[in-house]
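Below is one structure, written out as C-alpha cells; the observations come after it.
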Amino acid sequence: MADWANLPNDLIAHIANRVKVIEDFIAFGAVCTSWRIAATKDNFDVLSHQVPFLMMADGDDDGYQKIYSLSKKKASRIFLPEVRGSKVVPIKEGWLCTVAKDTGEINLLHPFSRKKIHLPSLNALLNFHDCERNHWGCIYVAVLSANPSVTSDYVLMVLHYGSDNCLAFWRPGDLNWTNIDVANNFPGRPSALVYHKGEFYSMRHSGKVQAHEVAGPNTSDQPIVKTRLVVQMAEYTFNSHVSQYYLVELSGALLLVAQFDKSNMDFPNGLVCYHTFKFKVHEVDITRVCTSWRIAATKDNFDLLSPQVPFLMLADEHDDRYQEFYSLSKKKVSRIFLPEVRGSKCVSIKEGWLCTVVNNTGEMNLLHPFSRKKIHLPSQKALLNFHDGTGYETNHWGCINLVVLSANPSLTSDYILMVHLYGPDICLAFWRPGDLNWTHIDVSNFTAGVSALVYHKGKFYSMSRSGKVQALEFAGPNTTDQPIVKTLLVVETDEYTLNPCVVEYYLVELSGALLLVIQFAIGTCDGTNHTTKFRVYEVDITRGELKEEMKTLGNSSMFLGHNWASCIDTSKYSGVKPNHIYFADKWLNYSSYLDMSAYNFEDGKIESFYPGPGRRAPRLICPPPWVTPSLMK
C-alpha cells in the first residue's frame with residue numbers, strides 16, 4: 001500500500017497545483033501533515049472562479065453557519081459567529097458586507113478566514129438622506145473594484161434602500177462614506193450594481209444603465225464620481241412584471257439579466273405569493289469604447305454644424321417624463337428624460353431645438369431636448385394680445401405652428417426667432433435675446449395664411465396659401481429704421497393657388513438653393529388626407545420666378561413634417577435612401593390617423609420607413625415628428 005504521507009514534497013506540491021476546486025483543496029490539506037504543508041495559497045489559484053455556496057438560514061444559535069455546496073450536493077457548517085444578529089450582503093469576490101442590526105456597525109468579513117475590515121457605520125451612510133433605520137437604509141448591494149484578499153487598492157460601492165437614490169463608496173483609509181449625487185439627472189431607484197473594466201455600472205428601475213467613474217484617491221478632480229448614461233432600455237422602463245435586475249460580466253461582456261415574476265393569490269388570509277417564471281438576458285453595448293476614447297469624445301472634436309439624420313419623435317403612452325425617439329439610421333427606439341414636454345405643445349426647429357408652449361399657462365420656451373437647456377420667451381398670451389384674443393379662445397385656434405431661427409442658439413446669442421400663430425387672422429411676430437416682448441410684423445400685404453417659413457442667406461422667406469413667396473428683411477437690433485421688417489414679394493404663382501389637391505407647401509434649403517416643395521394628396525371617406533405625390537421647384541430669387549420642376553434630388557434626401565423641412569447628403573449616413581422624401585403629415589393634430597412614408601422621387605412609389613404602425617395606422621407619432629439630434633457648444 002502506497003505511503004501517501006511520504007511522497008516527495010515537489011510531487012505533493014504538483015498535485016496541489018492541479019486541484020482547482022476550493023473544497024477539494026481544503027480536503028487535500030486535511031489528509032496529513034505533509035499534504036497540509038503543501039496546501040498553501042501559493043499552490044492554489046486564488047483568483048480562479050469557484051462554484052458559489054448557498055448560505056442557508058441556521059436555526060441553531062450556536063455561532064455556526066450552514067452552507068450548501070451545489071457541486072458536492074451537501075451542506076456543511078462553519079464557525080462564523082460574526083453574522084449572528086447582522087444583515088449580510090454577499091460580494092462576488094468571496095467577502096460579506098455585514099451590518100449589525102442593533103448598532104449599525106458595518107464590516108467587510110471574509111467568512112472562511114474570519115478576517116474583518118471595519119467600515120464607517122450605517123448611521124453615517126443614512127445621514128446623507130435623513131433615513132430612519134428600519135427597512136429604510138438597509139444595504140442590499142455591495143460591489144468591490146478589487147479583492148481585498150489580494151490588494152488594499154480598491155473601492156467599495158454600496159446601494160442602500162431608501163426614499164432617495166442611495167449610492168455611496170468607501171476606500172481604505174477613508175473616515176466616512178462618500179455620497180454619489182445622481183438624484184437629479186438619473187431618476188429611478190438603482191436595482192443592480194457591478195464593476196466592469198475599470199468602472200462601476202448600475203441599472204435603475206427607470207430602465208437606465210449608467211457608468212460611474214470614480215476619480216483617484218489623491219486627485220482634486222470634481223466631481224469625484226462622474227456618472228454618465230450608457231443605455232436606456234426602453235423595454236424595462238418601470239416594467240411592473242420585472243421583479244429584479246442583475247448586471248453580470250461574462251467573457252468580457254456586460255450582461256443585463258431581468259427576472260420576471262407572477263403573483264399567486266390562491267393562499268389563505270389574503271396572502272400573495274410571487275414566483276419566477278422567466279429570465280431575459282441582454283448584452284449591454286457600451287458605446288464609449290474606453291476611457292481614453294471617451295476623453296477624446298469632446299465637442300471640440302465634433303463638427304457641431306454638420307447636418308444630422310433627424311430623429312422621429314414618437315407619441316409616448318407612459319406619463320413617466322420620458323420621450324421616445326426613433327433613429328432612422330440605427331433602426332432603433334431610444335428614450336430620454338424630457339419632463340419639459342409633458343403638458344406642452346411642441347414645435348420642432350431645424351437647428352435641433354423645440355419651441356414649447358405650456359397648455360394651461362401659455363408659458364413659452366426654447367428647449368434643447370438633448371441637454372435640456374431652456375431659453376425663456378415672452379408668453380403666448382403676449383402674442384395673442386396683438387389680436388385681442390378674438391377667435392383664439394377655443395379649439396386649435398391660437399396655436400403656434402411655425403417657428404424659425406436665423407442662427408443656432410447653441411452657437412451664438414445673436415439670432416432672431418420668428419413665429420407664426422395659427423388662427424382666423426395672420427399673425428407673424430419675432431423675438432431677439434434681450435427683448436421683453438414679441439414684436440408684431442405688419443402683414444397687411446399678406447393675402448392668405450402662411451404655410452411655410454425658412455431662413456435663407458440672411459433673410460426670412462414665407463410661402464402663403466395664395467401661392468406667394470415673400471422675403472422678410474430685418475433691421476438691426478440697435479437701429480431706428482422703420483419699418484423694422486421690410487416685406488418683398490419674390491414669386492407669385494397661380495398654378496397651385498387654392499388647388500384642392502395641394503395640402504401643404506414647404507420651403508427648404510438644398511446646396512445653397514431655395515426650394516419650394518408642394519405636397520399633393522387626395523381626401524378619403526373618413527375625412528383624412530392620403531399623400532399621392534410631391535413636386536419640387538427651385539426659387540430663382542433674382543428673377544422672381546420658379547425654375548423648371550426638379551426631377552431628382554441626387555444623393556440628397558428630404559425630411560418634411562409639422563413645421564419642418566430639411567435636407568441631408570445621404571452618402572455620409574447609413575439607413576437613409578438617396579433621392580427620397582421622408583414625410584410625416586402636418587395635420588396630425590386634427591386626425592386620428594397618420595400619413596407617413598418615404599416617397600421615391602424617381603418612380604413616385606411610396607413605402608413605409610418606420611417598423612411600427614403602417615401608413616394608415618392609428619397615430620403613434622406626435623407632432624413635431626422630426627427632431628434634429630445636436631450638441632450644445
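A note on labels: chains of the C-alpha cells are A, B, ... as shown, every chain counts residues from 1, and ligands are counted from 1 in their shown order.
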
Shell of 8 Å around range 572-576 of chain A, only C-alpha atoms, local chain residues under 6 positions omitted, as a PDB file with N, CA and C atoms, in the first residue's frame:
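Here's the written file result-v5.pdb:
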ATOM      1  N   VAL A 309     -29.015  63.156 -39.433  1.00  0.00           N
ATOM      2  CA  VAL A 309     -30.277  62.493 -39.765  1.00  0.00           C
ATOM      3  C   VAL A 309     -31.256  62.753 -38.626  1.00  0.00           C
ATOM      4  N   LEU A 328     -33.622  56.648 -37.568  1.00  0.00           N
ATOM      5  CA  LEU A 328     -33.755  56.058 -38.899  1.00  0.00           C
ATOM      6  C   LEU A 328     -32.469  55.365 -39.313  1.00  0.00           C
ATOM      7  N   SER A 329     -31.320  55.911 -38.936  1.00  0.00           N
ATOM      8  CA  SER A 329     -30.044  55.323 -39.334  1.00  0.00           C
ATOM      9  C   SER A 329     -29.697  54.088 -38.511  1.00  0.00           C
ATOM     10  N   LYS A 330     -30.067  54.082 -37.202  1.00  0.00           N
ATOM     11  CA  LYS A 330     -29.755  52.945 -36.339  1.00  0.00           C
ATOM     12  C   LYS A 330     -30.894  51.933 -36.257  1.00  0.00           C
ATOM     13  N   LYS A 331     -32.079  52.318 -36.752  1.00  0.00           N
ATOM     14  CA  LYS A 331     -33.257  51.438 -36.740  1.00  0.00           C
ATOM     15  C   LYS A 331     -33.604  50.968 -35.328  1.00  0.00           C
ATOM     16  N   SER A 557     -31.596  63.603 -49.614  1.00  0.00           N
ATOM     17  CA  SER A 557     -32.955  63.229 -49.242  1.00  0.00           C
ATOM     18  C   SER A 557     -33.544  64.343 -48.407  1.00  0.00           C
TER      19      SER A 557
END

message: Would you pick out the contacts of Gly173 in chain A at 10 Å or less, using only C-alpha atoms, so that residues sharing its chain but fewer than 4 positions from it are not included, and give the list as an NGL selection string?
response: :A and (119 or 152 or 217)

Go ahead and write the selection's residues with N, CA and C atoms as an mmCIF file, in the first residue's frame.
data_model
loop_
_atom_site.group_PDB
_atom_site.id
_atom_site.type_symbol
_atom_site.label_atom_id
_atom_site.label_comp_id
_atom_site.auth_asym_id
_atom_site.auth_seq_id
_atom_site.Cartn_x
_atom_site.Cartn_y
_atom_site.Cartn_z
ATOM 1 N N LEU A 119 -15.660 49.339 8.508
ATOM 2 C CA LEU A 119 -16.145 50.380 7.607
ATOM 3 C C LEU A 119 -16.876 51.445 8.425
ATOM 4 N N SER A 152 -4.837 46.227 -1.299
ATOM 5 C CA SER A 152 -5.507 47.238 -0.473
ATOM 6 C C SER A 152 -5.951 48.434 -1.312
ATOM 7 N N PRO A 217 -7.709 58.469 -5.513
ATOM 8 C CA PRO A 217 -7.781 58.946 -4.119
ATOM 9 C C PRO A 217 -7.001 60.230 -3.872
#

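Taking CA of Val485 in chain A and CA of His368 in chain A as the two end points, the separation is 27.7 Å.
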
Within 9 Å of range 426-445 of chain A: each range 468-558 of chain A residue with its shortest pair, only C-alpha atoms, as CSV:
residue,atom,partner,partner_atom,distance
A:Pro477,CA,A:Arg432,CA,8.1
A:Pro483,CA,A:Asp442,CA,8.8
A:Ile484,CA,A:Ile441,CA,8.3
A:Val485,CA,A:Ile441,CA,6.8
A:Thr487,CA,A:Asn445,CA,8.4

Could you write out that same residue set with N, CA and C atoms as a JSON list (two decimals), in the first residue's frame?
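File produced: selection21.json:
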[["chain", "number", "residue", "atom", "x", "y", "z"],
["A", 477, "PRO", "N", -30.78, 95.28, -34.45],
["A", 477, "PRO", "CA", -31.41, 95.48, -33.13],
["A", 477, "PRO", "C", -31.23, 96.89, -32.57],
["A", 483, "PRO", "N", -39.87, 100.62, -41.69],
["A", 483, "PRO", "CA", -40.34, 99.62, -40.72],
["A", 483, "PRO", "C", -39.20, 98.71, -40.26],
["A", 484, "ILE", "N", -39.41, 98.06, -39.12],
["A", 484, "ILE", "CA", -38.39, 97.15, -38.60],
["A", 484, "ILE", "C", -38.22, 95.96, -39.54],
["A", 485, "VAL", "N", -39.34, 95.53, -40.14],
["A", 485, "VAL", "CA", -39.31, 94.41, -41.07],
["A", 485, "VAL", "C", -39.83, 94.88, -42.42],
["A", 487, "THR", "N", -41.01, 93.79, -46.17],
["A", 487, "THR", "CA", -41.51, 92.62, -46.89],
["A", 487, "THR", "C", -41.44, 92.86, -48.39]]

field: Per-residue DSSP, range 81-141 of chain A, filtered to helix (DSSP H, G or I), as a ChimeraX atom specification
entry: /A:81-83,122-126

Given the selection you just returned, output its residues as a file containing C-alpha atoms, formatted as a compact mmCIF listing (two decimals), in the first residue's frame.
# COMPACT_ATOMS: atom_id res chain seq x y z
CA PRO A 81 -20.41 33.97 14.96
CA GLU A 82 -19.87 37.37 13.28
CA VAL A 83 -23.01 37.02 11.14
CA LEU A 122 -24.77 52.70 8.78
CA ASN A 123 -25.70 55.87 10.64
CA ALA A 124 -23.04 57.79 8.72
CA LEU A 125 -24.50 56.44 5.50
CA LEU A 126 -28.07 57.34 6.39

field: Counting only C-alpha atoms, the residue of A:Ala253, A:Leu553, A:Leu70, A:Leu175 that sits nearest Met55 in chain A
entry: A:Leu70

Taking 6 positions as the minimum chain separation for residues in the same chain, which residues sit within 12 Å of Ala75 in chain A when counting only C-alpha atoms? Answer as a PDB file with N, CA and C atoms, in the first residue's frame.
ATOM      1  N   PHE A  53     -21.282  28.893  -2.869  1.00  0.00           N
ATOM      2  CA  PHE A  53     -22.068  28.174  -1.873  1.00  0.00           C
ATOM      3  C   PHE A  53     -23.393  28.897  -1.669  1.00  0.00           C
ATOM      4  N   LEU A  54     -24.396  28.133  -1.263  1.00  0.00           N
ATOM      5  CA  LEU A  54     -25.676  28.716  -0.885  1.00  0.00           C
ATOM      6  C   LEU A  54     -25.693  28.870   0.631  1.00  0.00           C
ATOM      7  N   MET A  55     -25.825  30.110   1.092  1.00  0.00           N
ATOM      8  CA  MET A  55     -25.833  30.380   2.525  1.00  0.00           C
ATOM      9  C   MET A  55     -27.253  30.185   3.044  1.00  0.00           C
ATOM     10  N   MET A  56     -27.435  29.302   4.003  1.00  0.00           N
ATOM     11  CA  MET A  56     -28.758  28.900   4.457  1.00  0.00           C
ATOM     12  C   MET A  56     -29.051  29.459   5.847  1.00  0.00           C
ATOM     13  N   ALA A  57     -30.353  29.633   6.096  1.00  0.00           N
ATOM     14  CA  ALA A  57     -30.762  30.064   7.430  1.00  0.00           C
ATOM     15  C   ALA A  57     -30.491  28.934   8.414  1.00  0.00           C
ATOM     16  N   ASP A  58     -29.856  29.274   9.523  1.00  0.00           N
ATOM     17  CA  ASP A  58     -29.488  28.269  10.512  1.00  0.00           C
ATOM     18  C   ASP A  58     -30.276  28.529  11.785  1.00  0.00           C
ATOM     19  N   GLN A  65     -22.680  28.618  10.932  1.00  0.00           N
ATOM     20  CA  GLN A  65     -23.474  28.984   9.762  1.00  0.00           C
ATOM     21  C   GLN A  65     -23.496  27.817   8.783  1.00  0.00           C
ATOM     22  N   LYS A  66     -24.693  27.486   8.298  1.00  0.00           N
ATOM     23  CA  LYS A  66     -24.834  26.362   7.378  1.00  0.00           C
ATOM     24  C   LYS A  66     -24.685  26.863   5.937  1.00  0.00           C
ATOM     25  N   ILE A  67     -23.878  26.178   5.139  1.00  0.00           N
ATOM     26  CA  ILE A  67     -23.710  26.496   3.716  1.00  0.00           C
ATOM     27  C   ILE A  67     -23.895  25.220   2.909  1.00  0.00           C
ATOM     28  N   TYR A  68     -24.490  25.367   1.722  1.00  0.00           N
ATOM     29  CA  TYR A  68     -24.766  24.212   0.863  1.00  0.00           C
ATOM     30  C   TYR A  68     -23.880  24.282  -0.381  1.00  0.00           C
ATOM     31  N   SER A  69     -23.205  23.160  -0.671  1.00  0.00           N
ATOM     32  CA  SER A  69     -22.347  23.063  -1.846  1.00  0.00           C
ATOM     33  C   SER A  69     -23.122  22.441  -3.001  1.00  0.00           C
TER      34      SER A  69
END

- request: Please provide as a count of residues only all residues within 7 Å of Asn43 in chain A, with the sequence filter that same-chain residues fewer than 5 positions apart are discarded (counting only C-alpha atoms).
  value: 3

- line: One residue among A:Ile37, A:Leu256, A:Val358, A:Val347 is nearest to Leu402 in chain A when using only C-alpha atoms, and that residue is A:Val347

- request: Please return as a PyMOL selection string: the residues of range 293-483 of chain A that backbone DSSP assigns to strand (DSSP E or B).
  value: chain A and resi 311-314+322-327+332-337+344-348+354-358+364-367+374-377+399-405+417-422+427-431+439-440+450-456+459-464+468-474

Go ahead and save the picked residues with C-alpha atoms, as a compact mmCIF listing (two decimals), in the first residue's frame.
# COMPACT_ATOMS: atom_id res chain seq x y z
CA PHE A 311 -35.00 61.51 -35.17
CA LEU A 312 -38.67 60.63 -35.37
CA MET A 313 -40.42 61.77 -32.19
CA LEU A 314 -42.90 59.11 -31.04
CA TYR A 322 -39.60 60.26 -20.81
CA GLN A 323 -39.79 60.81 -24.56
CA GLU A 324 -39.22 58.17 -27.23
CA PHE A 325 -37.24 58.81 -30.41
CA TYR A 326 -36.74 56.55 -33.41
CA SER A 327 -33.37 56.63 -35.18
CA LYS A 332 -33.96 51.55 -33.02
CA VAL A 333 -36.02 53.44 -30.42
CA SER A 334 -34.40 55.31 -27.52
CA ARG A 335 -35.98 57.07 -24.56
CA ILE A 336 -34.62 60.25 -23.00
CA PHE A 337 -35.63 62.00 -19.80
CA SER A 344 -46.93 71.26 -23.67
CA LYS A 345 -47.41 71.94 -27.34
CA CYS A 346 -44.06 71.41 -29.10
CA VAL A 347 -42.85 72.79 -32.41
CA SER A 348 -39.56 71.49 -33.79
CA LEU A 354 -38.02 72.76 -29.66
CA CYS A 355 -40.38 75.66 -29.05
CA THR A 356 -42.63 74.59 -26.17
CA VAL A 357 -45.92 76.19 -25.11
CA VAL A 358 -47.36 75.02 -21.79
CA MET A 364 -43.15 79.65 -23.89
CA ASN A 365 -39.56 78.40 -24.01
CA LEU A 366 -36.88 77.33 -26.41
CA LEU A 367 -35.83 73.86 -25.24
CA LYS A 374 -34.13 76.30 -21.70
CA ILE A 375 -34.38 79.85 -23.01
CA HIS A 376 -37.42 81.74 -21.71
CA LEU A 377 -39.57 83.59 -24.25
CA CYS A 399 -51.58 77.54 -31.54
CA ILE A 400 -48.07 78.30 -32.77
CA ASN A 401 -47.41 76.14 -35.81
CA LEU A 402 -44.33 77.68 -37.47
CA VAL A 403 -41.07 78.60 -35.71
CA VAL A 404 -37.79 79.51 -37.46
CA LEU A 405 -34.38 80.66 -36.21
CA LEU A 417 -36.76 83.81 -33.62
CA MET A 418 -39.81 84.17 -35.90
CA VAL A 419 -43.16 82.55 -35.11
CA HIS A 420 -46.47 82.16 -36.90
CA LEU A 421 -49.67 81.85 -34.88
CA TYR A 422 -52.35 79.75 -36.49
CA CYS A 427 -50.11 86.60 -37.02
CA LEU A 428 -46.35 86.85 -37.52
CA ALA A 429 -44.01 88.04 -34.78
CA PHE A 430 -40.36 87.85 -33.81
CA TRP A 431 -38.14 87.97 -30.74
CA THR A 439 -42.51 92.37 -32.00
CA HIS A 440 -45.52 92.19 -34.27
CA VAL A 450 -48.71 81.42 -44.05
CA SER A 451 -47.91 77.81 -44.88
CA ALA A 452 -44.10 77.75 -44.68
CA LEU A 453 -41.20 79.74 -43.22
CA VAL A 454 -37.45 79.40 -43.72
CA TYR A 455 -34.28 81.40 -43.10
CA HIS A 456 -32.05 81.57 -46.18
CA LYS A 459 -33.45 86.75 -44.90
CA PHE A 460 -36.63 85.01 -43.80
CA TYR A 461 -38.88 83.69 -46.57
CA SER A 462 -42.57 82.80 -46.29
CA MET A 463 -44.95 80.88 -48.53
CA SER A 464 -48.64 81.78 -48.39
CA LYS A 468 -46.85 83.91 -52.86
CA VAL A 469 -43.23 83.57 -51.78
CA GLN A 470 -42.17 86.69 -49.86
CA ALA A 471 -38.87 87.81 -48.32
CA LEU A 472 -38.74 89.45 -44.89
CA GLU A 473 -35.68 91.58 -44.16
CA PHE A 474 -34.99 92.69 -40.57

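With CA of Thr531 in chain A on one side and CA of Lys577 in chain A on the other, the separation reads 19.1 Å.
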
task: Within 9 Å of Val21 in chain A, counting only C-alpha atoms, which residues show up once you throw out same-chain ones fewer than 2 positions away? Write them as a ChimeraX atom specification, please.
output: /A:19,23-26,48-51

Hey, what's within 10 Å of Lys116 in chain A if we count only C-alpha atoms and toss same-chain stuff fewer than 5 positions away? As an mmCIF file with N, CA and C atoms, in the first residue's frame, please?
data_model
loop_
_atom_site.group_PDB
_atom_site.id
_atom_site.type_symbol
_atom_site.label_atom_id
_atom_site.label_comp_id
_atom_site.auth_asym_id
_atom_site.auth_seq_id
_atom_site.Cartn_x
_atom_site.Cartn_y
_atom_site.Cartn_z
ATOM 1 N N GLU A 82 -19.761 35.963 13.665
ATOM 2 C CA GLU A 82 -19.866 37.372 13.279
ATOM 3 C C GLU A 82 -21.153 37.719 12.528
ATOM 4 N N TRP A 95 -16.291 37.867 -0.187
ATOM 5 C CA TRP A 95 -16.444 38.555 1.075
ATOM 6 C C TRP A 95 -17.924 38.797 1.368
ATOM 7 N N LEU A 96 -18.194 39.132 2.626
ATOM 8 C CA LEU A 96 -19.537 39.524 3.046
ATOM 9 C C LEU A 96 -19.477 40.952 3.576
ATOM 10 N N CYS A 97 -20.525 41.715 3.318
ATOM 11 C CA CYS A 97 -20.699 43.014 3.964
ATOM 12 C C CYS A 97 -21.738 42.810 5.058
ATOM 13 N N THR A 98 -21.349 42.973 6.311
ATOM 14 C CA THR A 98 -22.259 42.731 7.433
ATOM 15 C C THR A 98 -22.644 44.048 8.085
ATOM 16 N N ILE A 106 -20.756 48.376 10.449
ATOM 17 C CA ILE A 106 -20.580 47.727 9.144
ATOM 18 C C ILE A 106 -19.153 47.207 9.036
ATOM 19 N N ASN A 107 -19.025 45.986 8.504
ATOM 20 C CA ASN A 107 -17.717 45.382 8.293
ATOM 21 C C ASN A 107 -17.685 44.637 6.964
ATOM 22 N N LEU A 108 -16.496 44.530 6.405
ATOM 23 C CA LEU A 108 -16.234 43.518 5.388
ATOM 24 C C LEU A 108 -15.724 42.280 6.119
ATOM 25 N N LEU A 109 -16.324 41.138 5.842
ATOM 26 C CA LEU A 109 -15.976 39.903 6.552
ATOM 27 C C LEU A 109 -15.646 38.813 5.550
ATOM 28 N N HIS A 110 -14.467 38.194 5.715
ATOM 29 C CA HIS A 110 -14.124 37.025 4.902
ATOM 30 C C HIS A 110 -14.602 35.793 5.663
ATOM 31 N N PRO A 111 -15.623 35.082 5.182
ATOM 32 C CA PRO A 111 -16.277 34.055 6.001
ATOM 33 C C PRO A 111 -15.418 32.829 6.282
#
